[in-house]
file entry.txt (compact mmCIF, C-alpha atoms and all ligand atoms)
# COMPACT_ATOMS: atom_id res chain seq x y z
CA MET Y 1 -10.52 22.90 -37.17
CA GLN Y 2 -12.01 22.08 -33.75
CA ASP Y 3 -15.45 22.26 -35.30
CA PHE Y 4 -14.35 20.04 -38.17
CA LEU Y 5 -12.79 17.46 -35.84
CA THR Y 6 -15.91 17.45 -33.66
CA ARG Y 7 -18.20 16.85 -36.65
CA LEU Y 8 -15.91 14.18 -38.11
CA PRO Y 9 -17.73 10.86 -37.51
CA LYS Y 10 -15.27 9.06 -35.28
CA ALA Y 11 -15.19 5.34 -34.51
CA GLU Y 12 -13.41 4.32 -31.34
CA LEU Y 13 -11.77 0.90 -31.54
CA HIS Y 14 -9.57 0.93 -28.46
CA LEU Y 15 -11.34 1.86 -25.24
CA HIS Y 16 -11.17 0.10 -21.88
CA ILE Y 17 -14.58 0.90 -20.45
CA GLU Y 18 -13.18 0.62 -16.92
CA GLY Y 19 -10.69 3.30 -17.94
CA SER Y 20 -13.55 5.69 -18.72
CA LEU Y 21 -14.47 5.87 -15.02
CA GLU Y 22 -14.29 9.59 -14.19
CA PRO Y 23 -13.45 10.52 -10.58
CA GLU Y 24 -16.95 12.04 -10.09
CA LEU Y 25 -18.64 8.74 -10.94
CA MET Y 26 -16.01 6.85 -8.92
CA PHE Y 27 -17.09 8.84 -5.85
CA ALA Y 28 -20.80 8.45 -6.57
CA LEU Y 29 -20.48 4.67 -6.96
CA ALA Y 30 -18.23 4.37 -3.89
CA GLN Y 31 -20.92 6.09 -1.86
CA ARG Y 32 -23.74 4.03 -3.36
CA ASN Y 33 -21.91 0.79 -2.61
CA GLY Y 34 -20.26 1.71 0.68
CA VAL Y 35 -16.79 1.22 -0.81
CA ALA Y 36 -13.96 3.15 0.89
CA LEU Y 37 -11.69 5.12 -1.45
CA PRO Y 38 -8.10 6.06 -0.66
CA TYR Y 39 -8.89 9.65 -1.75
CA ALA Y 40 -10.61 12.52 0.03
CA SER Y 41 -11.81 14.35 -3.09
CA VAL Y 42 -12.16 14.29 -6.86
CA ASP Y 43 -9.19 16.67 -7.10
CA GLU Y 44 -7.08 14.28 -5.06
CA VAL Y 45 -7.95 11.45 -7.45
CA ARG Y 46 -6.91 13.52 -10.46
CA ALA Y 47 -3.69 14.56 -8.71
CA ALA Y 48 -2.82 10.88 -8.17
CA TYR Y 49 -2.86 10.23 -11.94
CA GLU Y 50 0.87 10.64 -12.51
CA PHE Y 51 2.31 7.52 -14.05
CA ASP Y 52 5.85 6.30 -14.71
CA ASP Y 53 4.87 3.46 -16.99
CA LEU Y 54 2.12 0.95 -17.80
CA PRO Y 55 2.38 -1.05 -14.53
CA SER Y 56 2.14 2.07 -12.35
CA PHE Y 57 -1.06 3.03 -14.20
CA LEU Y 58 -2.53 -0.46 -13.96
CA THR Y 59 -2.30 -0.39 -10.15
CA LEU Y 60 -4.63 2.63 -9.99
CA TYR Y 61 -6.81 1.34 -12.82
CA TYR Y 62 -7.55 -1.91 -10.98
CA GLN Y 63 -8.01 -0.02 -7.73
CA GLY Y 64 -10.47 2.45 -9.27
CA MET Y 65 -12.73 -0.20 -10.75
CA ALA Y 66 -13.35 -1.69 -7.28
CA VAL Y 67 -16.37 0.65 -7.00
CA LEU Y 68 -18.15 -1.35 -9.75
CA ARG Y 69 -20.32 -3.92 -8.02
CA THR Y 70 -23.78 -4.19 -9.61
CA ALA Y 71 -25.16 -4.39 -13.14
CA GLU Y 72 -26.45 -0.85 -12.56
CA ASP Y 73 -22.87 0.31 -11.91
CA PHE Y 74 -21.63 -1.17 -15.19
CA PHE Y 75 -24.62 0.37 -16.95
CA ASP Y 76 -23.95 3.81 -15.45
CA LEU Y 77 -20.24 3.55 -16.28
CA ALA Y 78 -20.90 2.80 -19.94
CA MET Y 79 -23.78 5.31 -20.33
CA ASP Y 80 -21.67 8.05 -18.76
CA TYR Y 81 -19.03 7.34 -21.40
CA PHE Y 82 -21.45 7.06 -24.32
CA ARG Y 83 -22.99 10.44 -23.49
CA ARG Y 84 -19.60 12.13 -23.39
CA ALA Y 85 -18.47 10.39 -26.56
CA HIS Y 86 -21.69 11.39 -28.33
CA GLY Y 87 -20.96 15.04 -27.50
CA GLU Y 88 -17.55 14.65 -29.18
CA GLY Y 89 -18.91 13.28 -32.45
CA VAL Y 90 -18.17 9.61 -31.74
CA VAL Y 91 -20.54 7.42 -33.75
CA HIS Y 92 -19.25 3.94 -32.94
CA VAL Y 93 -17.62 2.58 -29.78
CA GLU Y 94 -15.93 -0.78 -29.26
CA LEU Y 95 -15.73 -1.34 -25.53
CA SER Y 96 -13.14 -3.66 -24.08
CA PHE Y 97 -13.84 -4.99 -20.64
CA ASP Y 98 -11.67 -7.03 -18.28
CA PRO Y 99 -13.89 -9.81 -16.85
CA GLN Y 100 -11.09 -11.31 -14.74
CA ALA Y 101 -10.51 -8.01 -12.93
CA HIS Y 102 -14.11 -8.21 -11.72
CA LEU Y 103 -14.45 -11.99 -11.25
CA SER Y 104 -11.44 -11.88 -8.94
CA ARG Y 105 -13.38 -9.40 -6.77
CA GLY Y 106 -16.42 -11.66 -6.69
CA ILE Y 107 -18.43 -9.82 -9.36
CA ARG Y 108 -20.14 -12.38 -11.58
CA LEU Y 109 -19.82 -12.32 -15.36
CA ASP Y 110 -23.59 -12.05 -15.86
CA VAL Y 111 -23.61 -8.86 -13.76
CA GLN Y 112 -20.87 -7.31 -15.90
CA VAL Y 113 -22.34 -8.32 -19.24
CA GLU Y 114 -25.91 -7.40 -18.34
CA GLY Y 115 -24.95 -3.86 -17.29
CA LEU Y 116 -22.69 -3.20 -20.26
CA THR Y 117 -24.99 -4.64 -22.92
CA ARG Y 118 -28.03 -2.80 -21.54
CA ALA Y 119 -26.09 0.46 -21.93
CA MET Y 120 -24.98 -0.54 -25.43
CA ARG Y 121 -28.57 -1.12 -26.54
CA LEU Y 122 -29.68 2.21 -25.04
CA ALA Y 123 -26.81 4.09 -26.72
CA GLU Y 124 -27.78 2.54 -30.03
CA ARG Y 125 -31.42 3.60 -29.61
CA GLU Y 126 -31.02 7.02 -28.00
CA LEU Y 127 -27.68 8.31 -29.24
CA ASP Y 128 -27.34 6.54 -32.58
CA ILE Y 129 -23.97 5.19 -31.46
CA SER Y 130 -23.28 1.68 -32.73
CA THR Y 131 -21.28 -0.49 -30.36
CA ALA Y 132 -19.27 -3.69 -30.12
CA LEU Y 133 -18.07 -5.64 -27.11
CA ILE Y 134 -14.52 -6.99 -26.76
CA MET Y 135 -13.82 -9.40 -23.93
CA SER Y 136 -10.18 -8.95 -22.96
CA PHE Y 137 -7.93 -11.37 -21.12
CA LEU Y 138 -5.37 -10.23 -18.57
CA ARG Y 139 -2.03 -11.37 -19.99
CA ASP Y 140 -0.31 -11.24 -16.59
CA ARG Y 141 -2.60 -14.02 -15.38
CA SER Y 142 -2.48 -17.61 -16.60
CA ALA Y 143 -3.66 -18.88 -19.97
CA GLU Y 144 -5.66 -21.54 -18.11
CA GLU Y 145 -7.65 -18.85 -16.32
CA ALA Y 146 -8.30 -17.04 -19.61
CA MET Y 147 -9.56 -20.29 -21.13
CA GLU Y 148 -11.89 -20.84 -18.15
CA VAL Y 149 -13.33 -17.35 -18.57
CA LEU Y 150 -13.86 -17.92 -22.28
CA GLU Y 151 -15.80 -21.12 -21.50
CA GLN Y 152 -17.69 -19.45 -18.67
CA ALA Y 153 -18.79 -16.81 -21.16
CA ALA Y 154 -20.68 -19.41 -23.25
CA PRO Y 155 -24.09 -17.77 -22.54
CA TYR Y 156 -22.69 -14.50 -23.92
CA TRP Y 157 -20.68 -15.67 -26.93
CA GLU Y 158 -23.43 -14.24 -29.14
CA LEU Y 159 -23.10 -10.83 -27.47
CA ILE Y 160 -19.32 -10.66 -27.79
CA ASP Y 161 -17.74 -9.35 -31.00
CA ALA Y 162 -14.10 -10.22 -30.33
CA VAL Y 163 -11.59 -11.25 -27.69
CA GLY Y 164 -8.65 -9.07 -26.67
CA LEU Y 165 -5.43 -9.19 -24.66
CA ASP Y 166 -4.35 -6.44 -22.27
CA SER Y 167 -2.69 -5.58 -18.92
CA ALA Y 168 1.06 -5.73 -18.15
CA GLU Y 169 2.78 -6.56 -21.42
CA LEU Y 170 6.46 -7.20 -20.67
CA GLY Y 171 7.18 -10.87 -19.94
CA HIS Y 172 3.75 -11.96 -21.21
CA PRO Y 173 4.09 -12.57 -24.95
CA PRO Y 174 1.01 -13.22 -27.08
CA SER Y 175 2.08 -16.84 -27.72
CA LYS Y 176 1.19 -17.61 -24.09
CA PHE Y 177 -2.45 -17.36 -25.21
CA ALA Y 178 -2.24 -19.35 -28.45
CA GLU Y 179 -4.80 -21.96 -27.37
CA VAL Y 180 -7.24 -19.41 -26.00
CA PHE Y 181 -7.27 -17.43 -29.25
CA GLU Y 182 -7.47 -20.68 -31.23
CA ARG Y 183 -10.57 -21.68 -29.26
CA ALA Y 184 -12.07 -18.20 -29.70
CA LYS Y 185 -11.50 -18.39 -33.45
CA TRP Y 186 -13.19 -21.80 -33.52
CA LEU Y 187 -16.17 -20.14 -31.81
CA GLY Y 188 -16.22 -17.49 -34.54
CA LEU Y 189 -14.75 -14.76 -32.36
CA PRO Y 190 -12.03 -12.65 -33.97
CA GLY Y 191 -9.04 -11.56 -31.90
CA VAL Y 192 -7.26 -8.29 -31.20
CA ALA Y 193 -4.27 -7.86 -28.90
CA HIS Y 194 -2.23 -5.14 -27.27
CA ALA Y 195 1.30 -5.49 -28.58
CA GLY Y 196 4.27 -3.20 -29.04
CA GLU Y 197 3.15 -0.64 -26.45
CA GLU Y 198 5.86 -1.48 -23.90
CA GLY Y 199 6.71 -4.85 -25.39
CA PRO Y 200 9.11 -5.47 -28.29
CA PRO Y 201 8.20 -5.73 -31.99
CA SER Y 202 8.42 -9.52 -31.70
CA TYR Y 203 5.20 -9.41 -29.65
CA ILE Y 204 3.45 -7.70 -32.57
CA ARG Y 205 4.67 -10.43 -34.88
CA GLU Y 206 3.47 -13.12 -32.47
CA ALA Y 207 0.07 -11.48 -32.18
CA MET Y 208 -0.23 -11.57 -35.98
CA GLU Y 209 1.26 -14.98 -36.63
CA VAL Y 210 0.37 -17.02 -33.55
CA LEU Y 211 -2.91 -15.40 -32.47
CA ASP Y 212 -3.97 -14.38 -36.00
CA VAL Y 213 -5.40 -11.10 -34.72
CA CYS Y 214 -7.18 -8.77 -37.13
CA ARG Y 215 -5.93 -5.59 -35.38
CA ILE Y 216 -3.02 -4.61 -33.17
CA ASP Y 217 -3.73 -2.39 -30.18
CA HIS Y 218 -0.98 0.27 -29.94
CA GLY Y 219 1.74 -1.37 -32.06
CA VAL Y 220 3.82 1.81 -32.04
CA ARG Y 221 7.09 -0.06 -31.50
CA CYS Y 222 6.76 -1.79 -34.89
CA LEU Y 223 9.04 0.87 -36.37
CA GLU Y 224 12.01 -0.87 -34.72
CA ASP Y 225 11.56 -3.74 -37.20
CA PRO Y 226 11.29 -2.63 -40.86
CA ALA Y 227 10.37 -6.12 -42.07
CA LEU Y 228 7.47 -6.15 -39.61
CA VAL Y 229 6.32 -2.74 -40.82
CA ALA Y 230 6.35 -4.06 -44.39
CA GLU Y 231 4.19 -6.99 -43.35
CA LEU Y 232 1.71 -4.82 -41.45
CA VAL Y 233 1.43 -2.54 -44.48
CA GLU Y 234 1.11 -5.42 -46.92
CA ARG Y 235 -1.63 -7.10 -44.88
CA ARG Y 236 -3.25 -3.74 -44.04
CA ILE Y 237 -3.45 -4.67 -40.36
CA PRO Y 238 -4.85 -1.67 -38.48
CA LEU Y 239 -3.02 -0.26 -35.47
CA THR Y 240 -5.22 1.32 -32.81
CA VAL Y 241 -2.91 4.12 -31.68
CA CYS Y 242 -3.64 6.06 -28.46
CA PRO Y 243 -1.60 9.28 -28.52
CA LEU Y 244 -2.43 10.78 -25.10
CA SER Y 245 -2.10 7.35 -23.45
CA ASN Y 246 1.38 6.97 -24.91
CA VAL Y 247 2.41 10.32 -23.44
CA ARG Y 248 0.91 9.63 -19.99
CA LEU Y 249 2.48 6.16 -19.76
CA LYS Y 250 5.80 7.51 -21.00
CA VAL Y 251 5.89 5.29 -24.09
CA VAL Y 252 6.99 8.61 -25.65
CA GLU Y 253 8.38 11.67 -23.90
CA THR Y 254 6.08 14.19 -25.52
CA LEU Y 255 3.45 14.10 -28.21
CA ASP Y 256 5.80 16.03 -30.49
CA ALA Y 257 8.19 13.07 -30.23
CA HIS Y 258 5.47 10.52 -30.99
CA PRO Y 259 6.19 8.22 -33.96
CA LEU Y 260 2.73 8.88 -35.47
CA PRO Y 261 4.06 10.92 -38.42
CA ALA Y 262 6.60 8.17 -39.18
CA LEU Y 263 3.91 5.50 -38.87
CA LEU Y 264 1.75 7.43 -41.34
CA GLU Y 265 4.69 7.93 -43.66
CA ALA Y 266 5.33 4.18 -43.63
CA GLY Y 267 1.85 3.61 -45.07
CA LEU Y 268 0.43 1.81 -42.03
CA THR Y 269 -3.33 1.62 -41.48
CA LEU Y 270 -3.73 3.82 -38.41
CA THR Y 271 -6.63 4.76 -36.18
CA LEU Y 272 -6.74 7.23 -33.26
CA ASN Y 273 -8.24 6.14 -29.94
CA SER Y 274 -8.45 7.16 -26.30
CA ASP Y 275 -7.55 3.91 -24.42
CA ASP Y 276 -8.43 5.02 -20.85
CA PRO Y 277 -9.84 8.54 -21.26
CA ALA Y 278 -10.49 9.21 -17.56
CA TYR Y 279 -6.86 8.49 -16.70
CA PHE Y 280 -4.99 9.90 -19.68
CA GLY Y 281 -6.35 13.40 -20.01
CA GLY Y 282 -9.11 13.16 -22.56
CA GLY Y 283 -11.41 11.35 -24.92
CA MET Y 284 -11.49 10.95 -28.68
CA LEU Y 285 -11.82 14.63 -29.52
CA ASP Y 286 -8.95 15.55 -27.20
CA ASN Y 287 -6.76 12.97 -28.90
CA PHE Y 288 -7.65 14.30 -32.35
CA LEU Y 289 -7.08 17.91 -31.25
CA ALA Y 290 -3.76 17.07 -29.60
CA CYS Y 291 -2.56 15.47 -32.85
CA GLN Y 292 -3.71 18.49 -34.80
CA ARG Y 293 -1.68 20.76 -32.53
CA ALA Y 294 1.39 18.52 -32.46
CA PHE Y 295 1.55 17.52 -36.13
CA GLY Y 296 -0.49 20.15 -37.96
CA TRP Y 297 -2.19 17.48 -40.04
CA SER Y 298 -4.54 18.43 -42.86
CA ARG Y 299 -8.26 17.73 -42.85
CA GLN Y 300 -7.61 14.98 -45.38
CA THR Y 301 -5.30 13.14 -42.97
CA PHE Y 302 -8.00 13.16 -40.29
CA VAL Y 303 -10.60 11.98 -42.79
CA ASP Y 304 -8.29 9.11 -43.76
CA LEU Y 305 -7.81 8.14 -40.11
CA ALA Y 306 -11.56 8.29 -39.46
CA ARG Y 307 -12.20 6.16 -42.55
CA ASN Y 308 -9.62 3.58 -41.44
CA ALA Y 309 -11.48 3.20 -38.14
CA ILE Y 310 -14.88 2.74 -39.79
CA GLU Y 311 -13.39 0.21 -42.21
CA ALA Y 312 -11.65 -1.73 -39.43
CA ALA Y 313 -14.62 -1.77 -37.04
CA PHE Y 314 -16.77 -4.70 -35.95
CA MET Y 315 -20.08 -3.50 -37.38
CA SER Y 316 -22.67 -4.61 -39.91
CA GLU Y 317 -21.97 -3.75 -43.54
CA GLU Y 318 -25.16 -1.64 -43.52
CA ARG Y 319 -23.88 0.43 -40.63
CA ARG Y 320 -20.46 0.73 -42.29
CA ASP Y 321 -22.13 2.09 -45.45
CA VAL Y 322 -24.12 4.60 -43.40
CA LEU Y 323 -21.02 5.86 -41.59
CA LEU Y 324 -18.85 6.01 -44.70
CA THR Y 325 -21.57 8.01 -46.43
CA ARG Y 326 -21.81 10.33 -43.42
CA LEU Y 327 -18.03 10.75 -43.44
CA VAL Y 328 -18.14 11.97 -47.03
CA ALA Y 329 -21.13 14.25 -46.37
CA GLU Y 330 -19.61 15.85 -43.26
CA THR Y 331 -16.22 16.49 -44.78
CA ASN Y 332 -17.06 17.78 -48.24
N1 LIG Y 401 -2.36 -1.22 -21.89
C1 LIG Y 401 -2.52 -2.46 -21.42
N2 LIG Y 401 -3.52 -2.82 -20.66
C2 LIG Y 401 -4.44 -1.90 -20.35
C3 LIG Y 401 -4.33 -0.61 -20.80
C4 LIG Y 401 -3.24 -0.24 -21.62
O1 LIG Y 401 -3.07 0.91 -22.06
N3 LIG Y 401 -5.41 0.05 -20.31
C5 LIG Y 401 -6.14 -0.82 -19.61
N4 LIG Y 401 -5.55 -2.02 -19.61
ZN ZN Y 402 -5.38 -0.33 -24.14
call {"tool": "encode", "arguments": {"input": "entry.txt", "output": "C-alpha cells"}}
result
Amino acid sequence: MQDFLTRLPKAELHLHIEGSLEPELMFALAQRNGVALPYASVDEVRAAYEFDDLPSFLTLYYQGMAVLRTAEDFFDLAMDYFRRAHGEGVVHVELSFDPQAHLSRGIRLDVQVEGLTRAMRLAERELDISTALIMSFLRDRSAEEAMEVLEQAAPYWELIDAVGLDSAELGHPPSKFAEVFERAKWLGLPGVAHAGEEGPPSYIREAMEVLDVCRIDHGVRCLEDPALVAELVERRIPLTVCPLSNVRLKVVETLDAHPLPALLEAGLTLTLNSDDPAYFGGGMLDNFLACQRAFGWSRQTFVDLARNAIEAAFMSEERRDVLLTRLVAETN
C-alpha cells in the first residue's frame, strides 16, 4: 500500500509554503542572514513544536519565517519543498503565501514573488510538478490592509491564481473580507478561504455565500450543520482537509477520532493535504499513510481523493487531462 500511495499522482491544494520550512533550512537561512534564533539546535526546534491550538502554532509559524529575507531565501524554501514533494509522488502543488507576514517585517512583495515564482518555474521544468500561487490574507489583520496588499500586487496579478484567507480564525469571520474578495473576483482571481477549522459552521457558509469561494480550506466542522453539508454536497464544493494538522492543532484528539470517514460518508468532495508539513509531522505521503492506518481505506477511496484534487486544482485543462490519464494508468 505504501508503494501504491507513493505512486498515486497527488495534487496538493492546501500548503502554506512558509509552513514547509524545515528546521535544517531555518538554521541555514538564519546563519546566511545573521538572524538570531531562539533555539540552540534543530532538535530543540522540533521539540518546541507542541501546540495547544491554532493560535499557539501561529506564534511559532510567524517566528520561524523571520529567517526569510531575500528572493533567494524564498526560492530555496520553495525548491526544498518541491524536491521533497516530488519524492513523495506529488505532481501538482498550490502554494499559499502570506505577503503581510513578510511586508510587516520589511520584506517587499517583489522579493517574495520573485523567489517563489522562480522556484515554481524550475519545479515545472525539472521535476514536472505543475504549480499555482495563492496569495492569502491574514484574517486577524484589517480588511483595509488586505485591500492595500491586493492593490500593491497589481504587477503580479497575472502570476497569482487565487486569493486565500488564513491565520487566527475565531472572531474573524469571512464576511469581514467581502469587499476584498469582491475586488479579487472583479480582477478575475478566484477565492478560497480557511473556514470551519476552529471557527463555527457559519463561517463556512459565509465563505461560500459572501466570498463566493470555490473551495473551503479545512471545513471539517461542517458536520455540525446538516443543511450546510447538503449544500456543500449539492454544489460539489471541495474541502481541503489536512489530517495531521488537525491532530497537531487539537481540532481532533486523535486521527482515529477524525470526522474524515463521516465526511466521506456524507458525499462531500474531499481532498487530503499537508497544510504546514514542517510543523505538523509530515508531508502529503505521510498524511495519506496516516489515513490508511487510521481508516483502512481501500485503494479506490484514495484514487477518488486524488481525482478530486486534480479536478479541483487551478491548472490548465491540458495538464488536468495529463494527470487524470496518469491517475488511471498508475492505479489500474
Ligand atoms: N490555519 C490557519 N492559518 C494558517 C494555518 C492553518 O492551519 N497554517 C498557516 N496559516
Ligand atoms: Zn492552512
call {"tool": "residues_around", "arguments": {"input": "entry.txt", "residues": "Asp52 in chain Y", "least_positions_apart": "6", "cutoff": "8 Å", "atoms": "all atoms listed in the file", "output": "JSON, numbers by chain"}}
result
{"Y": [248, 249, 250]}
call {"tool": "closest_atom_pairs", "arguments": {"input": "entry.txt", "of": "chain Y", "to": "ligand LIG 401 (chain Y)", "cutoff": "6 Å", "atoms": "only C-alpha atoms and all ligand atoms", "output": "tab-separated table"}}
result
residue	atom	partner	partner_atom	distance
Y:His16	CA	Y:LIG401	C5	5.6
Y:Asp166	CA	Y:LIG401	N2	4.0
Y:Ser167	CA	Y:LIG401	N2	3.4
Y:Ala168	CA	Y:LIG401	C1	5.8
Y:Asp275	CA	Y:LIG401	O1	5.9
Y:Asp276	CA	Y:LIG401	N3	5.8
call {"tool": "closest_atom_pairs", "arguments": {"input": "entry.txt", "of": "chain Y", "to": "ligand ZN 402 (chain Y)", "cutoff": "9 Å", "atoms": "all atoms listed in the file", "output": "CSV"}}
result
residue,atom,partner,partner_atom,distance
Y:His14,CA,Y:ZN402,ZN,6.1
Y:Leu15,CA,Y:ZN402,ZN,6.4
Y:His16,CA,Y:ZN402,ZN,6.2
Y:Gly19,CA,Y:ZN402,ZN,8.9
Y:Ser96,CA,Y:ZN402,ZN,8.4
Y:Leu165,CA,Y:ZN402,ZN,8.9
Y:Asp166,CA,Y:ZN402,ZN,6.5
Y:Ser167,CA,Y:ZN402,ZN,7.9
Y:Ala193,CA,Y:ZN402,ZN,9.0
Y:His194,CA,Y:ZN402,ZN,6.5
Y:Glu197,CA,Y:ZN402,ZN,8.8
Y:Asp217,CA,Y:ZN402,ZN,6.6
Y:His218,CA,Y:ZN402,ZN,7.3
Y:Thr240,CA,Y:ZN402,ZN,8.8
Y:Cys242,CA,Y:ZN402,ZN,7.9
Y:Ser245,CA,Y:ZN402,ZN,8.4
Y:Ser274,CA,Y:ZN402,ZN,8.4
Y:Asp275,CA,Y:ZN402,ZN,4.8
Y:Asp276,CA,Y:ZN402,ZN,7.0
call {"tool": "write_last_selection", "arguments": {"input": "entry.txt", "atoms": "C-alpha atoms", "output": "mmCIF file, in the coordinates of the input"}}
result
data_model
loop_
_atom_site.group_PDB
_atom_site.id
_atom_site.type_symbol
_atom_site.label_atom_id
_atom_site.label_comp_id
_atom_site.auth_asym_id
_atom_site.auth_seq_id
_atom_site.Cartn_x
_atom_site.Cartn_y
_atom_site.Cartn_z
ATOM 1 C CA HIS Y 14 -9.570 0.930 -28.460
ATOM 2 C CA LEU Y 15 -11.340 1.860 -25.240
ATOM 3 C CA HIS Y 16 -11.170 0.100 -21.880
ATOM 4 C CA GLY Y 19 -10.690 3.300 -17.940
ATOM 5 C CA SER Y 96 -13.140 -3.660 -24.080
ATOM 6 C CA LEU Y 165 -5.430 -9.190 -24.660
ATOM 7 C CA ASP Y 166 -4.350 -6.440 -22.270
ATOM 8 C CA SER Y 167 -2.690 -5.580 -18.920
ATOM 9 C CA ALA Y 193 -4.270 -7.860 -28.900
ATOM 10 C CA HIS Y 194 -2.230 -5.140 -27.270
ATOM 11 C CA GLU Y 197 3.150 -0.640 -26.450
ATOM 12 C CA ASP Y 217 -3.730 -2.390 -30.180
ATOM 13 C CA HIS Y 218 -0.980 0.270 -29.940
ATOM 14 C CA THR Y 240 -5.220 1.320 -32.810
ATOM 15 C CA CYS Y 242 -3.640 6.060 -28.460
ATOM 16 C CA SER Y 245 -2.100 7.350 -23.450
ATOM 17 C CA SER Y 274 -8.450 7.160 -26.300
ATOM 18 C CA ASP Y 275 -7.550 3.910 -24.420
ATOM 19 C CA ASP Y 276 -8.430 5.020 -20.850
#
call {"tool": "closest_atom_pairs", "arguments": {"input": "entry.txt", "of": "range 123-165 of chain Y", "to": "range 65-86 of chain Y", "cutoff": "10 Å", "atoms": "all atoms listed in the file", "output": "JSON lines"}}
result
{"residue": "Y:Ala123", "atom": "CA", "partner": "Y:Phe82", "partner_atom": "CA", "distance": 6.6}
{"residue": "Y:Glu124", "atom": "CA", "partner": "Y:Phe82", "partner_atom": "CA", "distance": 9.6}
{"residue": "Y:Glu126", "atom": "CA", "partner": "Y:Arg83", "partner_atom": "CA", "distance": 9.8}
{"residue": "Y:Leu127", "atom": "CA", "partner": "Y:His86", "partner_atom": "CA", "distance": 6.8}
{"residue": "Y:Asp128", "atom": "CA", "partner": "Y:His86", "partner_atom": "CA", "distance": 8.6}
{"residue": "Y:Ile129", "atom": "CA", "partner": "Y:His86", "partner_atom": "CA", "distance": 7.3}
{"residue": "Y:Thr131", "atom": "CA", "partner": "Y:Phe82", "partner_atom": "CA", "distance": 9.7}
call {"tool": "residues_around", "arguments": {"input": "entry.txt", "residues": "Arg326 in chain Y", "least_positions_apart": "5", "cutoff": "10 Å", "atoms": "all atoms listed in the file", "output": "PyMOL selection string"}}
result
chain Y and resi 8-9+320-321+331
call {"tool": "residues_around", "arguments": {"input": "entry.txt", "residues": "range 151-157 of chain Y", "least_positions_apart": "3", "cutoff": "12 Å", "atoms": "all atoms listed in the file", "output": "ChimeraX atom specification"}}
result
/Y:99-100,103,108-114,116-117,133-136,144-148,160-163,180,183-190
call {"tool": "residues_around", "arguments": {"input": "entry.txt", "residues": "His172 in chain Y", "least_positions_apart": "6", "cutoff": "12 Å", "atoms": "all atoms listed in the file", "output": "list in words"}}
result
Phe137, Leu138, Arg139, Asp140, Arg141, Ser142, Ala143, Leu165, Asp166, Ala178, Ala193, His194, Ala195, Gly196, Glu198, Gly199, Pro200, Ser202, Tyr203, Glu206 and Ala207 of chain Y
call {"tool": "write_last_selection", "arguments": {"input": "entry.txt", "atoms": "C-alpha atoms", "output": "mmCIF file, in the coordinates of the input"}}
result
data_model
loop_
_atom_site.group_PDB
_atom_site.id
_atom_site.type_symbol
_atom_site.label_atom_id
_atom_site.label_comp_id
_atom_site.auth_asym_id
_atom_site.auth_seq_id
_atom_site.Cartn_x
_atom_site.Cartn_y
_atom_site.Cartn_z
ATOM 1 C CA PHE Y 137 -7.930 -11.370 -21.120
ATOM 2 C CA LEU Y 138 -5.370 -10.230 -18.570
ATOM 3 C CA ARG Y 139 -2.030 -11.370 -19.990
ATOM 4 C CA ASP Y 140 -0.310 -11.240 -16.590
ATOM 5 C CA ARG Y 141 -2.600 -14.020 -15.380
ATOM 6 C CA SER Y 142 -2.480 -17.610 -16.600
ATOM 7 C CA ALA Y 143 -3.660 -18.880 -19.970
ATOM 8 C CA LEU Y 165 -5.430 -9.190 -24.660
ATOM 9 C CA ASP Y 166 -4.350 -6.440 -22.270
ATOM 10 C CA ALA Y 178 -2.240 -19.350 -28.450
ATOM 11 C CA ALA Y 193 -4.270 -7.860 -28.900
ATOM 12 C CA HIS Y 194 -2.230 -5.140 -27.270
ATOM 13 C CA ALA Y 195 1.300 -5.490 -28.580
ATOM 14 C CA GLY Y 196 4.270 -3.200 -29.040
ATOM 15 C CA GLU Y 198 5.860 -1.480 -23.900
ATOM 16 C CA GLY Y 199 6.710 -4.850 -25.390
ATOM 17 C CA PRO Y 200 9.110 -5.470 -28.290
ATOM 18 C CA SER Y 202 8.420 -9.520 -31.700
ATOM 19 C CA TYR Y 203 5.200 -9.410 -29.650
ATOM 20 C CA GLU Y 206 3.470 -13.120 -32.470
ATOM 21 C CA ALA Y 207 0.070 -11.480 -32.180
#
call {"tool": "closest_residue", "arguments": {"input": "entry.txt", "among": "Y:Leu272, Y:Ala329, Y:Cys214, Y:Ala294", "to": "Asn308 in chain Y", "atoms": "all atoms listed in the file"}}
result
Y:Leu272
call {"tool": "atom_distance", "arguments": {"input": "entry.txt", "atom1": "CA of Gln63 in chain Y", "atom2": "CA of Ser20 in chain Y"}}
result
13.6 Å
call {"tool": "atom_distance", "arguments": {"input": "entry.txt", "atom1": "CA of Cys222 in chain Y", "atom2": "CA of Pro201 in chain Y"}}
result
5.1 Å
call {"tool": "residues_around", "arguments": {"input": "entry.txt", "residues": "Leu263 in chain Y", "least_positions_apart": "5", "cutoff": "12 Å", "atoms": "only C-alpha atoms", "output": "ChimeraX atom specification"}}
result
/Y:218-224,226,229-230,232-233,238-241,258,268-271
call {"tool": "axis_aligned_box", "arguments": {"input": "entry.txt", "around": "range 63-79 of chain Y", "padding_each_side": "8 Å", "output": "lines of an AutoDock Vina configuration file"}}
result
center_x = -17.2
center_y = 0.5
center_z = -13.7
size_x = 34.4
size_y = 25.7
size_z = 29.3
call {"tool": "closest_residue", "arguments": {"input": "entry.txt", "among": "Y:Ile17, Y:Leu244, Y:Leu29, Y:Ile204", "to": "Met284 in chain Y", "atoms": "all atoms listed in the file"}}
result
Y:Leu244
